[in-house]
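S.K.: Got a file for you: final.cif, mmCIF, C-alpha atoms.
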data_query
loop_
_atom_site.label_atom_id
_atom_site.label_comp_id
_atom_site.auth_asym_id
_atom_site.auth_seq_id
_atom_site.Cartn_x
_atom_site.Cartn_y
_atom_site.Cartn_z
CA MET A 1 39.20 -10.37 6.70
CA MET A 2 39.41 -12.09 3.31
CA GLY A 3 40.32 -15.32 5.09
CA GLU A 4 37.10 -15.22 7.11
CA LEU A 5 35.02 -14.49 4.02
CA LEU A 6 36.69 -17.36 2.16
CA GLY A 7 36.01 -19.63 5.14
CA ALA A 8 32.38 -18.49 5.27
CA ALA A 9 31.98 -19.25 1.56
CA VAL A 10 33.48 -22.72 2.05
CA GLY A 11 31.22 -23.26 5.07
CA ALA A 12 28.11 -22.31 3.08
CA VAL A 13 28.97 -24.49 0.05
CA VAL A 14 30.05 -27.53 2.10
CA SER A 15 26.96 -27.31 4.31
CA PHE A 16 24.70 -27.14 1.24
CA ILE A 17 26.35 -30.17 -0.40
CA VAL A 18 26.41 -32.26 2.79
CA ALA A 19 22.76 -31.36 3.49
CA LEU A 20 21.81 -32.75 0.07
CA ALA A 21 23.91 -35.85 0.78
CA VAL A 22 22.10 -36.55 4.07
CA GLY A 23 18.73 -36.35 2.36
CA LEU A 24 17.47 -32.80 2.91
CA PRO A 25 15.51 -31.38 -0.06
CA PRO A 26 17.22 -28.61 -2.10
CA VAL A 27 14.43 -26.15 -1.15
CA GLN A 28 11.33 -26.30 1.03
CA ARG A 29 8.62 -28.49 -0.54
CA GLU A 30 5.76 -27.07 1.52
CA LYS A 31 3.94 -24.08 0.03
CA PRO A 32 3.85 -21.21 0.74
CA ARG A 33 7.52 -21.48 1.61
CA ARG A 34 7.48 -18.29 3.70
CA ARG A 35 5.30 -20.06 6.32
CA SER A 36 6.95 -23.50 6.11
CA TRP A 37 8.75 -25.00 9.11
CA GLU A 38 10.46 -27.53 6.84
CA VAL A 39 14.25 -27.11 6.53
CA SER A 40 16.25 -27.66 3.36
CA ALA A 41 19.76 -27.46 1.92
CA ALA A 42 19.06 -23.87 0.82
CA PHE A 43 17.60 -22.61 4.12
CA PRO A 44 18.86 -22.33 6.81
CA THR A 45 21.87 -24.62 6.23
CA PRO A 46 24.24 -22.16 4.43
CA VAL A 47 23.33 -19.39 6.91
CA ILE A 48 24.42 -21.59 9.80
CA GLY A 49 27.51 -22.78 7.89
CA ALA A 50 28.70 -19.28 7.00
CA GLY A 51 27.85 -17.62 10.32
CA GLY A 52 29.24 -20.52 12.33
CA THR A 53 32.51 -20.39 10.40
CA VAL A 54 32.92 -16.67 11.15
CA ALA A 55 32.20 -17.31 14.84
CA VAL A 56 34.75 -20.15 15.09
CA CYS A 57 37.43 -18.22 13.15
CA ARG A 58 36.98 -15.25 15.51
CA ALA A 59 37.06 -17.44 18.61
CA LEU A 60 40.26 -19.21 17.51
CA GLY A 61 41.85 -16.13 15.95
CA TRP A 62 42.36 -18.00 12.68
CA GLN A 63 42.29 -15.37 9.92
CA GLU A 64 44.69 -17.06 7.49
CA PRO A 65 42.80 -18.23 4.34
CA LYS A 66 43.86 -21.92 4.49
CA LEU A 67 42.97 -22.25 8.17
CA ALA A 68 39.67 -20.40 7.66
CA ALA A 69 38.80 -22.71 4.74
CA LEU A 70 39.54 -25.72 6.95
CA VAL A 71 37.24 -24.30 9.63
CA GLY A 72 34.60 -23.72 6.93
CA ALA A 73 34.77 -27.36 5.81
CA VAL A 74 34.39 -28.70 9.38
CA VAL A 75 31.66 -26.22 10.36
CA GLY A 76 29.86 -26.91 7.06
CA VAL A 77 29.59 -30.62 7.87
CA ALA A 78 28.49 -29.85 11.45
CA SER A 79 25.90 -27.35 10.17
CA ALA A 80 24.31 -29.89 7.85
CA ALA A 81 24.16 -32.42 10.69
CA LEU A 82 22.56 -29.80 12.96
CA VAL A 83 19.95 -28.83 10.39
CA ALA A 84 19.10 -32.47 9.68
CA ASN A 85 18.28 -32.81 13.41
CA ILE A 86 17.03 -29.28 14.04
CA GLU A 87 13.69 -30.41 15.48
CA ARG A 88 15.57 -31.88 18.45
CA VAL A 89 17.33 -28.58 19.13
CA PHE A 90 14.59 -26.09 18.17
CA PRO A 91 11.24 -27.93 18.08
CA ARG A 92 8.51 -26.24 16.07
CA PRO A 93 5.85 -24.64 18.32
CA GLU A 94 3.14 -27.30 18.01
CA ALA A 95 5.69 -30.05 18.81
CA GLY A 96 7.34 -28.14 21.64
CA MET B 1 28.71 18.53 22.84
CA ILE B 2 27.62 16.42 19.88
CA THR B 3 28.40 17.88 16.48
CA LEU B 4 26.97 16.69 13.17
CA THR B 5 28.43 17.64 9.81
CA TRP B 6 26.38 17.90 6.62
CA GLU B 7 28.28 14.89 5.26
CA GLN B 8 27.31 12.80 8.28
CA ALA B 9 23.69 13.92 8.01
CA LEU B 10 23.64 12.91 4.34
CA GLU B 11 25.15 9.51 5.16
CA ILE B 12 22.65 8.92 7.98
CA ALA B 13 19.73 9.95 5.76
CA THR B 14 20.91 7.63 2.98
CA GLY B 15 21.29 4.80 5.50
CA ALA B 16 17.80 5.46 6.87
CA VAL B 17 16.22 5.26 3.42
CA LEU B 18 18.09 2.06 2.47
CA ALA B 19 17.33 0.42 5.83
CA TRP B 20 13.63 1.41 5.72
CA LEU B 21 13.20 0.00 2.22
CA ASN B 22 15.09 -3.18 3.16
CA PHE B 23 13.12 -4.17 6.22
CA VAL B 24 9.70 -2.97 5.01
CA VAL B 25 9.95 -4.79 1.67
CA VAL B 26 11.42 -8.01 3.13
CA ASP B 27 8.97 -8.12 6.05
CA ILE B 28 5.96 -7.50 3.82
CA LEU B 29 7.03 -10.07 1.22
CA MET B 30 7.60 -12.61 4.02
CA GLY B 31 3.98 -12.08 5.12
CA LEU B 32 4.21 -10.19 8.43
CA PRO B 33 1.04 -8.15 7.67
CA GLU B 34 -0.94 -11.28 6.76
CA ALA B 35 -1.47 -12.74 10.22
CA PRO B 36 -0.11 -12.56 13.77
CA GLY B 37 2.50 -15.21 14.52
CA VAL B 38 1.74 -15.33 18.26
CA LYS B 39 -0.99 -14.00 20.59
CA GLY B 40 1.09 -10.98 21.58
CA ALA B 41 1.33 -9.85 17.96
CA GLU B 42 -2.46 -10.15 17.61
CA ALA B 43 -2.99 -8.06 20.74
CA ILE B 44 -0.73 -5.31 19.37
CA GLY B 45 -2.44 -5.43 15.96
CA ARG B 46 -5.93 -5.14 17.50
CA SER B 47 -4.77 -2.30 19.77
CA VAL B 48 -3.44 -0.34 16.78
CA GLU B 49 -6.68 -1.01 14.88
CA ARG B 50 -8.83 0.26 17.81
CA ARG B 51 -6.86 3.51 17.77
CA GLY B 52 -7.74 4.15 14.13
CA GLY B 53 -4.96 2.15 12.49
CA ASP B 54 -4.90 -0.60 9.88
CA ILE B 55 -5.01 -4.24 10.99
CA ALA B 56 -2.40 -5.37 8.43
CA GLY B 57 0.01 -2.69 9.60
CA GLY B 58 -0.86 -3.58 13.20
CA TYR B 59 0.00 -7.24 12.64
CA PHE B 60 3.23 -6.08 10.98
CA MET B 61 4.12 -4.06 14.09
CA GLY B 62 3.10 -6.86 16.44
CA ASN B 63 5.16 -9.44 14.59
CA ILE B 64 8.17 -7.09 14.62
CA VAL B 65 7.93 -6.75 18.40
CA CYS B 66 7.42 -10.47 19.11
CA SER B 67 10.28 -11.99 17.07
CA PRO B 68 13.46 -10.81 15.33
CA ASP B 69 12.26 -9.72 11.88
CA ALA B 70 14.00 -7.97 8.98
CA SER B 71 14.31 -4.74 11.00
CA ALA B 72 16.22 -6.57 13.73
CA GLY B 73 18.22 -8.30 11.02
CA THR B 74 19.03 -4.97 9.35
CA LEU B 75 20.16 -3.37 12.61
CA LEU B 76 22.22 -6.37 13.75
CA ALA B 77 23.81 -6.89 10.32
CA ALA B 78 24.85 -3.22 10.14
CA ALA B 79 26.20 -3.30 13.69
CA GLY B 80 27.95 -6.61 12.98
CA TYR B 81 29.53 -5.20 9.81
CA TRP B 82 30.87 -2.25 11.79
CA CYS B 83 32.11 -4.34 14.73
CA LEU B 84 33.87 -7.03 12.68
CA GLY B 85 34.98 -4.65 9.93
CA GLY B 86 33.28 -6.29 6.96
CA PRO B 87 30.47 -8.47 5.57
CA GLN B 88 31.48 -11.37 7.84
CA GLY B 89 29.84 -9.41 10.68
CA GLY B 90 26.56 -9.49 8.78
CA LEU B 91 26.88 -13.26 8.22
CA LEU B 92 27.40 -13.78 11.95
CA ALA B 93 24.41 -11.51 12.65
CA ALA B 94 22.23 -13.59 10.27
CA LEU B 95 23.09 -16.72 12.26
CA THR B 96 22.19 -15.06 15.59
CA VAL B 97 18.94 -13.73 14.13
CA TYR B 98 18.00 -17.23 12.91
CA VAL B 99 18.64 -18.72 16.36
CA GLY B 100 16.57 -15.90 17.90
CA ASN B 101 13.77 -16.61 15.46
CA ARG B 102 13.62 -20.30 16.33
CA LEU B 103 13.54 -19.42 20.04
CA CYS B 104 10.57 -17.09 19.35
CA ALA B 105 8.41 -19.67 17.49
CA ASP B 106 9.25 -18.14 14.11
CA PRO B 107 10.55 -20.15 11.11
CA GLY B 108 13.06 -17.35 10.50
CA TYR B 109 12.71 -16.30 6.87
CA ALA B 110 12.09 -12.56 7.39
CA GLY B 111 14.84 -11.97 9.94
CA THR B 112 17.50 -14.05 8.22
CA ILE B 113 16.81 -12.80 4.70
CA GLY B 114 16.61 -9.24 6.03
CA ALA B 115 20.01 -9.63 7.68
CA LEU B 116 21.62 -11.05 4.53
CA ALA B 117 20.08 -8.34 2.32
CA ALA B 118 21.22 -5.67 4.78
CA THR B 119 24.74 -7.09 4.72
CA ALA B 120 24.81 -6.61 0.94
CA LEU B 121 23.41 -3.08 1.30
CA VAL B 122 25.92 -2.05 3.98
CA THR B 123 28.75 -3.47 1.87
CA VAL B 124 27.67 -1.26 -1.06
CA TYR B 125 27.14 1.68 1.34
CA HIS B 126 30.70 1.31 2.69
CA ARG B 127 32.75 0.02 -0.23
CA VAL B 128 31.00 1.66 -3.21
CA LEU B 129 29.57 4.89 -1.76
CA GLY B 130 32.48 5.29 0.67
CA PHE B 131 30.20 6.02 3.66
CA ASP B 132 30.95 5.10 7.29
CA PRO B 133 28.96 1.96 8.26
CA ILE B 134 28.22 3.38 11.73
CA ASN B 135 26.06 6.01 9.99
CA PHE B 136 23.98 3.16 8.49
CA VAL B 137 23.36 1.94 12.06
CA ALA B 138 22.21 5.45 13.03
CA GLY B 139 20.01 5.59 9.92
CA MET B 140 18.45 2.24 10.82
CA VAL B 141 17.51 3.55 14.27
CA LEU B 142 15.77 6.51 12.62
CA ALA B 143 14.05 4.18 10.12
CA ILE B 144 12.51 1.94 12.80
CA THR B 145 11.50 5.07 14.76
CA THR B 146 9.23 6.06 11.86
CA ILE B 147 7.33 2.79 12.35
CA HIS B 148 7.34 2.35 16.12
CA GLY B 149 8.17 5.73 17.60
CA ILE B 150 6.02 8.50 16.11
CA ASP B 151 2.38 7.61 15.37
CA HIS B 152 1.23 3.98 15.29
CA PRO B 153 -2.11 4.43 13.45
CA THR B 154 -0.56 6.49 10.63
CA ALA B 155 2.42 4.15 10.28
CA SER B 156 0.10 1.13 10.23
CA ARG B 157 -2.03 2.63 7.45
CA ILE B 158 1.07 3.28 5.31
CA ILE B 159 2.36 -0.27 5.91
CA GLY B 160 -1.11 -1.76 5.30
CA ASP B 161 -1.42 0.10 2.00
CA ILE B 162 2.00 -1.08 0.79
CA ALA B 163 1.20 -4.65 1.94
CA ARG B 164 -2.06 -4.78 -0.06
CA ARG B 165 -0.32 -3.40 -3.14
CA LEU B 166 2.27 -6.21 -2.83
CA GLY B 167 -0.45 -8.86 -2.35
CA ARG B 168 0.25 -9.41 1.36
CA GLY B 169 -2.93 -8.05 2.98
CA PRO B 170 -4.53 -9.75 6.02
CA ARG B 171 -5.69 -13.32 5.36
CA GLU B 172 -8.88 -13.23 7.46
#
Could the structure of this file be written out as structure tokens, please?
M.R.:
Amino acid sequence: MMGELLGAAVGAVVSFIVALAVGLPPVQREKPRRRSWEVSAAFPTPVIGAGGTVAVCRALGWQEPKLAALVGAVVGVASAALVANIERVFPRPEAG
Amino acid sequence: MITLTWEQALEIATGAVLAWLNFVVVDILMGLPEAPGVKGAEAIGRSVERRGGDIAGGYFMGNIVCSPDASAGTLLAAAGYWCLGGPQGGLLAALTVYVGNRLCADPGYAGTIGALAATALVTVYHRVLGFDPINFVAGMVLAITTIHGIDHPTASRIIGDIARRLGRGPRE
């Protein structure tokens, strides 16, 4: 269990850092933020990074901390890439 | 025959209170009583209002029905915690709630934040209080029943009153 949590933490941190590196803002710039469709490094990137890491670790049966951290690093990068292109996967209602 | 001990009843009641506070506060702060997100939520809100309820509480109920909100996040996070045996279940639940939100034309703040907050609450409930996480799931079912399963007009007036006190009354 601790391996998965470590992996999820790595996934969240890596996804946040990579999201900043690919040009996403740290937080939503539109106000009020609770109605903004803009994505940022803070939301939803770490949620996808952490949750995705848990899902992959469960699917592969990798509970060992080093393996889970490796999964977290890979899923973190993939999560940032997904969020940077999220409009293509989940278009906002007026665009869809 | 189903038996219920006093200890289980106490754990379920504690879970119900924590879950109710979690999803009501998160949903209100994220603006569910302010406006309907989709036409179905508006129809539910107007229906509750016609039956003597409050429009803010009606929008709250309509938005809960039409997209995964903090109540769905609370229930799924608690169930995920129990199924996976720890907070990682809540993290996985938050991801599924976010995907569900995007599929329901919702930006996803209420559901996702509700799931993450519930994960923290269930962790305290299990690890600090020593309660069984499955009793939190049972408590959450009771908590959402107080909103959607007993009396819609009364529940909507309570929600509307709390929403106005927190500065999240209807925008129109």
S.K.: Env of segment 140-144 of chain B: 6 Å cut, atoms = only C-alpha atoms, seq-sep filter 4 positions within chain, self excluded. Answer as a PDB file with C-alpha atoms, in the frame of the given file.
M.R.:
ATOM      1  CA  ALA B  16      17.800   5.460   6.870  1.00  0.00           C
ATOM      2  CA  ALA B  19      17.330   0.420   5.830  1.00  0.00           C
ATOM      3  CA  TRP B  20      13.630   1.410   5.720  1.00  0.00           C
TER       4      TRP B  20
END
S.K.: Just to confirm, what's the straight-line distance from atom CA of Val13 of chain A to atom CA of Leu84 of chain B in Å (one decimal)?
M.R.: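 Separation of atom CA of Val13 of chain A and atom CA of Leu84 of chain B: 22.1 Å.
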S.K.: If we count all atoms listed in the file, which residues of chain B reach to within 12 Å of chain A? Please list them as number ranges by chain.
M.R.: B: 26-32, 34-38, 77, 80-81, 83-113, 115-116, 168
S.K.: Nearest to Asp69 of chain B among B:Val137, B:Val25, B:Met1, B:Ile162, with distances taken over all atoms listed in the file: which residue is it?
M.R.: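 Of the candidates, the smallest distance to Asp69 of chain B is held by B:Val25.
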S.K.: Could you tell me how far atom CA of Leu10 of chain B sits from atom CA of Ala138 of chain B, in Å to one decimal place?
M.R.: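 Taking atom CA of Ala138 of chain B and atom CA of Leu10 of chain B, their separation equals 11.5 Å.
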S.K.: Can you list, as a PDB file with C-alpha atoms, in the frame of the given file, every protein, DNA or RNA residue that comes within 6 Å of Gly76 of chain A when you count all atoms listed in the file, leaving out same-chain residues fewer than 2 positions away?
M.R.:
ATOM      1  CA  GLY A  11      31.220 -23.260   5.070  1.00  0.00           C
ATOM      2  CA  VAL A  14      30.050 -27.530   2.100  1.00  0.00           C
ATOM      3  CA  SER A  15      26.960 -27.310   4.310  1.00  0.00           C
ATOM      4  CA  GLY A  49      27.510 -22.780   7.890  1.00  0.00           C
ATOM      5  CA  GLY A  72      34.600 -23.720   6.930  1.00  0.00           C
ATOM      6  CA  ALA A  73      34.770 -27.360   5.810  1.00  0.00           C
ATOM      7  CA  VAL A  74      34.390 -28.700   9.380  1.00  0.00           C
ATOM      8  CA  ALA A  78      28.490 -29.850  11.450  1.00  0.00           C
ATOM      9  CA  SER A  79      25.900 -27.350  10.170  1.00  0.00           C
TER      10      SER A  79
END
S.K.: With 3 Å of padding per side, what axis-aligned box (centre and edge lengths, Å, one decimal) covers all the listed atoms of segment 8-12 of chain B? Give it as AutoDock Vina command-line options.
M.R.:
--center_x 25.0 --center_y 11.4 --center_z 6.3 --size_x 10.7 --size_y 11.0 --size_z 9.9
S.K.: To verify the selection step, state as a ChimeraX atom specification which residues the PyMOL selection byres ((chain B and resi 151-155) around 12) yields on this input.
M.R.: /B:24,44-62,143-150,156-162
S.K.: What's the separation between atom CA of Gln63 of chain A and atom CA of Gly3 of chain A, in Å to one decimal place?
M.R.: 5.2 Å
S.K.: On this structure, which residues satisfy the PyMOL selection byres ((chain A and resi 24) around 7), written as a list in words?
M.R.: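 Matching residues under the PyMOL selection byres ((chain A and resi 24) around 7) are Ala19, Leu20, Val22, Gly23, Pro25, Pro26, Ser40, Ala41 and Ala84 of chain A.
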S.K.: If I only have part of segment 39-63 of chain A, can you fill in N, CA, C and O atoms and write it as a PDB file, in the coordinates of the input?
M.R.:
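Done, and the output landed in part.pdb:
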ATOM      1  N   VAL A  39      12.899 -27.629   6.829  1.00  0.00           N
ATOM      2  CA  VAL A  39      14.250 -27.110   6.530  1.00  0.00           C
ATOM      3  C   VAL A  39      14.761 -27.775   5.258  1.00  0.00           C
ATOM      4  O   VAL A  39      14.272 -28.832   4.850  1.00  0.00           O
ATOM      5  N   SER A  40      15.729 -27.148   4.621  1.00  0.00           N
ATOM      6  CA  SER A  40      16.250 -27.660   3.360  1.00  0.00           C
ATOM      7  C   SER A  40      17.733 -27.338   3.247  1.00  0.00           C
ATOM      8  O   SER A  40      18.309 -26.666   4.118  1.00  0.00           O
ATOM      9  N   ALA A  41      18.342 -27.783   2.157  1.00  0.00           N
ATOM     10  CA  ALA A  41      19.760 -27.460   1.920  1.00  0.00           C
ATOM     11  C   ALA A  41      19.954 -25.965   1.698  1.00  0.00           C
ATOM     12  O   ALA A  41      20.997 -25.407   2.034  1.00  0.00           O
ATOM     13  N   ALA A  42      18.923 -25.302   1.127  1.00  0.00           N
ATOM     14  CA  ALA A  42      19.060 -23.870   0.820  1.00  0.00           C
ATOM     15  C   ALA A  42      18.792 -22.984   2.029  1.00  0.00           C
ATOM     16  O   ALA A  42      19.339 -21.889   2.129  1.00  0.00           O
ATOM     17  N   PHE A  43      17.914 -23.424   2.944  1.00  0.00           N
ATOM     18  CA  PHE A  43      17.600 -22.610   4.120  1.00  0.00           C
ATOM     19  C   PHE A  43      17.255 -23.508   5.290  1.00  0.00           C
ATOM     20  O   PHE A  43      16.407 -24.384   5.139  1.00  0.00           O
ATOM     21  N   PRO A  44      17.881 -23.350   6.435  1.00  0.00           N
ATOM     22  CA  PRO A  44      18.860 -22.330   6.810  1.00  0.00           C
ATOM     23  C   PRO A  44      20.308 -22.838   6.763  1.00  0.00           C
ATOM     24  O   PRO A  44      21.194 -22.181   7.331  1.00  0.00           O
ATOM     25  N   THR A  45      20.559 -23.960   6.116  1.00  0.00           N
ATOM     26  CA  THR A  45      21.870 -24.620   6.230  1.00  0.00           C
ATOM     27  C   THR A  45      23.061 -23.692   5.889  1.00  0.00           C
ATOM     28  O   THR A  45      23.996 -23.588   6.698  1.00  0.00           O
ATOM     29  N   PRO A  46      23.078 -23.014   4.736  1.00  0.00           N
ATOM     30  CA  PRO A  46      24.240 -22.160   4.430  1.00  0.00           C
ATOM     31  C   PRO A  46      24.394 -20.976   5.394  1.00  0.00           C
ATOM     32  O   PRO A  46      25.515 -20.518   5.636  1.00  0.00           O
ATOM     33  N   VAL A  47      23.263 -20.496   5.942  1.00  0.00           N
ATOM     34  CA  VAL A  47      23.330 -19.390   6.910  1.00  0.00           C
ATOM     35  C   VAL A  47      24.075 -19.840   8.155  1.00  0.00           C
ATOM     36  O   VAL A  47      24.940 -19.127   8.692  1.00  0.00           O
ATOM     37  N   ILE A  48      23.757 -21.053   8.615  1.00  0.00           N
ATOM     38  CA  ILE A  48      24.420 -21.590   9.800  1.00  0.00           C
ATOM     39  C   ILE A  48      25.885 -21.914   9.474  1.00  0.00           C
ATOM     40  O   ILE A  48      26.785 -21.635  10.278  1.00  0.00           O
ATOM     41  N   GLY A  49      26.133 -22.456   8.288  1.00  0.00           N
ATOM     42  CA  GLY A  49      27.510 -22.780   7.890  1.00  0.00           C
ATOM     43  C   GLY A  49      28.388 -21.554   7.810  1.00  0.00           C
ATOM     44  O   GLY A  49      29.517 -21.542   8.342  1.00  0.00           O
ATOM     45  N   ALA A  50      27.887 -20.497   7.172  1.00  0.00           N
ATOM     46  CA  ALA A  50      28.700 -19.280   7.000  1.00  0.00           C
ATOM     47  C   ALA A  50      28.878 -18.549   8.334  1.00  0.00           C
ATOM     48  O   ALA A  50      29.997 -18.179   8.718  1.00  0.00           O
ATOM     49  N   GLY A  51      27.777 -18.335   9.044  1.00  0.00           N
ATOM     50  CA  GLY A  51      27.850 -17.620  10.320  1.00  0.00           C
ATOM     51  C   GLY A  51      28.659 -18.386  11.354  1.00  0.00           C
ATOM     52  O   GLY A  51      29.449 -17.793  12.100  1.00  0.00           O
ATOM     53  N   GLY A  52      28.480 -19.700  11.391  1.00  0.00           N
ATOM     54  CA  GLY A  52      29.240 -20.520  12.330  1.00  0.00           C
ATOM     55  C   GLY A  52      30.732 -20.485  12.045  1.00  0.00           C
ATOM     56  O   GLY A  52      31.557 -20.452  12.969  1.00  0.00           O
ATOM     57  N   THR A  53      31.081 -20.465  10.768  1.00  0.00           N
ATOM     58  CA  THR A  53      32.510 -20.390  10.400  1.00  0.00           C
ATOM     59  C   THR A  53      33.126 -19.083  10.886  1.00  0.00           C
ATOM     60  O   THR A  53      34.236 -19.077  11.442  1.00  0.00           O
ATOM     61  N   VAL A  54      32.415 -17.969  10.690  1.00  0.00           N
ATOM     62  CA  VAL A  54      32.920 -16.670  11.150  1.00  0.00           C
ATOM     63  C   VAL A  54      33.113 -16.690  12.674  1.00  0.00           C
ATOM     64  O   VAL A  54      34.136 -16.240  13.201  1.00  0.00           O
ATOM     65  N   ALA A  55      32.125 -17.262  13.377  1.00  0.00           N
ATOM     66  CA  ALA A  55      32.200 -17.310  14.840  1.00  0.00           C
ATOM     67  C   ALA A  55      33.409 -18.125  15.302  1.00  0.00           C
ATOM     68  O   ALA A  55      34.160 -17.695  16.198  1.00  0.00           O
ATOM     69  N   VAL A  56      33.636 -19.293  14.684  1.00  0.00           N
ATOM     70  CA  VAL A  56      34.750 -20.150  15.090  1.00  0.00           C
ATOM     71  C   VAL A  56      36.092 -19.495  14.745  1.00  0.00           C
ATOM     72  O   VAL A  56      37.035 -19.515  15.547  1.00  0.00           O
ATOM     73  N   CYS A  57      36.181 -18.901  13.545  1.00  0.00           N
ATOM     74  CA  CYS A  57      37.430 -18.220  13.150  1.00  0.00           C
ATOM     75  C   CYS A  57      37.780 -17.105  14.131  1.00  0.00           C
ATOM     76  O   CYS A  57      38.941 -16.923  14.508  1.00  0.00           O
ATOM     77  N   ARG A  58      36.748 -16.333  14.553  1.00  0.00           N
ATOM     78  CA  ARG A  58      36.980 -15.250  15.510  1.00  0.00           C
ATOM     79  C   ARG A  58      37.424 -15.797  16.865  1.00  0.00           C
ATOM     80  O   ARG A  58      38.326 -15.262  17.513  1.00  0.00           O
ATOM     81  N   ALA A  59      36.746 -16.884  17.292  1.00  0.00           N
ATOM     82  CA  ALA A  59      37.060 -17.440  18.610  1.00  0.00           C
ATOM     83  C   ALA A  59      38.490 -17.983  18.656  1.00  0.00           C
ATOM     84  O   ALA A  59      39.181 -17.847  19.664  1.00  0.00           O
ATOM     85  N   LEU A  60      38.919 -18.606  17.542  1.00  0.00           N
ATOM     86  CA  LEU A  60      40.260 -19.210  17.510  1.00  0.00           C
ATOM     87  C   LEU A  60      41.326 -18.220  17.054  1.00  0.00           C
ATOM     88  O   LEU A  60      42.519 -18.498  17.168  1.00  0.00           O
ATOM     89  N   GLY A  61      40.894 -17.097  16.474  1.00  0.00           N
ATOM     90  CA  GLY A  61      41.850 -16.130  15.950  1.00  0.00           C
ATOM     91  C   GLY A  61      42.507 -16.597  14.656  1.00  0.00           C
ATOM     92  O   GLY A  61      43.608 -16.164  14.322  1.00  0.00           O
ATOM     93  N   TRP A  62      41.820 -17.469  13.930  1.00  0.00           N
ATOM     94  CA  TRP A  62      42.360 -18.000  12.680  1.00  0.00           C
ATOM     95  C   TRP A  62      41.851 -17.167  11.508  1.00  0.00           C
ATOM     96  O   TRP A  62      40.742 -17.358  11.034  1.00  0.00           O
ATOM     97  N   GLN A  63      42.683 -16.247  11.022  1.00  0.00           N
ATOM     98  CA  GLN A  63      42.290 -15.370   9.920  1.00  0.00           C
ATOM     99  C   GLN A  63      42.964 -15.777   8.610  1.00  0.00           C
ATOM    100  O   GLN A  63      42.614 -15.269   7.552  1.00  0.00           O
TER     101      GLN A  63
END
